[in-house]
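Everything below concerns the one structure shown next.
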Amino acid sequence: MIGKLREKVDVIKTKSLKWKEGMERFAVEKETARAQLSLAENQLQKMEEKGSVQSRIIEELEARFASELAKAESDAEKAKADADALVAVYRADAEAAQVQAREASETADTRAHWVAELAKCRSRRETLEEIHARGFDLAEEIKKAK
């Protein structure tokens with residue numbers, strides 16, 4: 001049972017790593033988009049000096065890059081939130097499985113203890129019954145010992 005749980009934990013870890021890689025890729029894309037936006041802003045400043053027609057083109061580029069950046073940020077945050085939620089669920093499942101395994105182990109230990117105690121008591125009883133069957137009466141000696 002513990003082996004199966006460990007396999008599940010390994011699968012969860014693998015999925016978590018994939019989500020992290022996706023988040024890192026989105027972070028790189030975000031930085032690339034920011035770098036592109038920064039470059040576009042510099043170009044826009046030069047174009048504003050050349051004329052009003054070019055300034056309208058610059059404003060359109062700014063709007064486009066800002067929406068791409070917002071979209072990239074939104075996608076990255078959504079992926080991160082999804083990954084965090086999955087990790088939390090898998091961790092909770094793994095912890096619950098560990099608790100169940102621990103409880104099962106404790107129950108098995110308790111049962112084994114009481115089975116051993118029962119066997120010991122039966123053995124003592126059988127020994128006393130054999131002694132009594134042979135005609136020995138230890139009742140008087142037990143009373144004296146008490």
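Ordering of the structure tokens sets the chain letters (A, B, ...); residue numbers start at 1 within each chain; ligands are numbered from 1 in the order shown.
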Find the residues near region 65-71 of chain A: any atom within 8 Å, counting only C-alpha atoms, skip ones fewer than 2 places away on the same chain, and give them as a PyMOL selection string.
chain A and resi 30+33-34+36-37+61-63+73-75
Pull N, CA and C atoms from the residues just selected and write them as an mmCIF file, in the first residue's frame.
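Generated output (again-v7.cif):
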data_model
loop_
_atom_site.group_PDB
_atom_site.id
_atom_site.type_symbol
_atom_site.label_atom_id
_atom_site.label_comp_id
_atom_site.auth_asym_id
_atom_site.auth_seq_id
_atom_site.Cartn_x
_atom_site.Cartn_y
_atom_site.Cartn_z
ATOM 1 N N LYS A 30 6.909 36.524 -20.785
ATOM 2 C CA LYS A 30 6.522 37.801 -20.178
ATOM 3 C C LYS A 30 7.683 38.778 -20.254
ATOM 4 N N ALA A 33 8.144 39.886 -23.753
ATOM 5 C CA ALA A 33 7.118 40.867 -24.113
ATOM 6 C C ALA A 33 7.432 42.221 -23.485
ATOM 7 N N ARG A 34 7.931 42.220 -22.257
ATOM 8 C CA ARG A 34 8.307 43.484 -21.611
ATOM 9 C C ARG A 34 9.472 44.138 -22.340
ATOM 10 N N GLN A 36 10.170 43.755 -25.463
ATOM 11 C CA GLN A 36 9.611 44.272 -26.717
ATOM 12 C C GLN A 36 8.839 45.567 -26.478
ATOM 13 N N LEU A 37 8.116 45.613 -25.391
ATOM 14 C CA LEU A 37 7.359 46.823 -25.064
ATOM 15 C C LEU A 37 8.296 47.985 -24.789
ATOM 16 N N LEU A 61 0.761 50.655 -31.621
ATOM 17 C CA LEU A 61 1.737 49.639 -31.208
ATOM 18 C C LEU A 61 1.756 49.475 -29.687
ATOM 19 N N GLU A 62 1.714 50.595 -28.978
ATOM 20 C CA GLU A 62 1.693 50.534 -27.512
ATOM 21 C C GLU A 62 0.482 49.745 -27.013
ATOM 22 N N ALA A 63 -0.657 50.027 -27.595
ATOM 23 C CA ALA A 63 -1.875 49.333 -27.176
ATOM 24 C C ALA A 63 -1.755 47.826 -27.449
ATOM 25 N N GLU A 73 0.744 37.936 -18.942
ATOM 26 C CA GLU A 73 0.715 37.957 -17.480
ATOM 27 C C GLU A 73 -0.486 37.173 -16.956
ATOM 28 N N SER A 74 -1.630 37.377 -17.598
ATOM 29 C CA SER A 74 -2.838 36.675 -17.180
ATOM 30 C C SER A 74 -2.681 35.165 -17.360
ATOM 31 N N ASP A 75 -2.142 34.760 -18.500
ATOM 32 C CA ASP A 75 -1.927 33.336 -18.751
ATOM 33 C C ASP A 75 -0.943 32.735 -17.748
#
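Near Leu86 (chain A), within a cut-off of 12 Å and counting only C-alpha atoms, sit the residues Ile12, Lys13, Thr14, Lys15, Ser16, Leu17, Lys18, Trp19, Lys20, Ala79, Lys80, Ala81, Asp82, Ala83, Val89, Tyr90, Arg91, Ala92 and Asp93 of chain A, with same-chain residues fewer than 3 positions away left out.
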As an exercise, work out the distance from CA of Gly3 (chain A) to CA of Ala94 (chain A) in Å and give it to one decimal place.
12.1 Å
Selection: 10 Å around Leu5 (chain A), only C-alpha atoms, excl. self and same-chain fewer than 5 positions, as a list in words
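What passes the distance filter is Asp10, Val11, Asp93, Ala94, Glu95, Ala97, Gln98 and Ala101 of chain A.
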Between CA of Gln45 (chain A) and CA of Ile58 (chain A), what is the distance, to one decimal in Å?
8.4 Å
So that I can see what lies close to Glu60 (chain A), please list as a PyMOL selection string the residues with an atom at most 12 Å from it, counting only C-alpha atoms and leaving out residues fewer than 6 positions away in the same chain.
chain A and resi 40-41+44+53-54+66-67
Hey, can you check how far CA of Thr110 (chain A) sits from CA of Lys4 (chain A)?
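About the pair CA of Thr110 (chain A) and CA of Lys4 (chain A): they are 23.8 Å apart.
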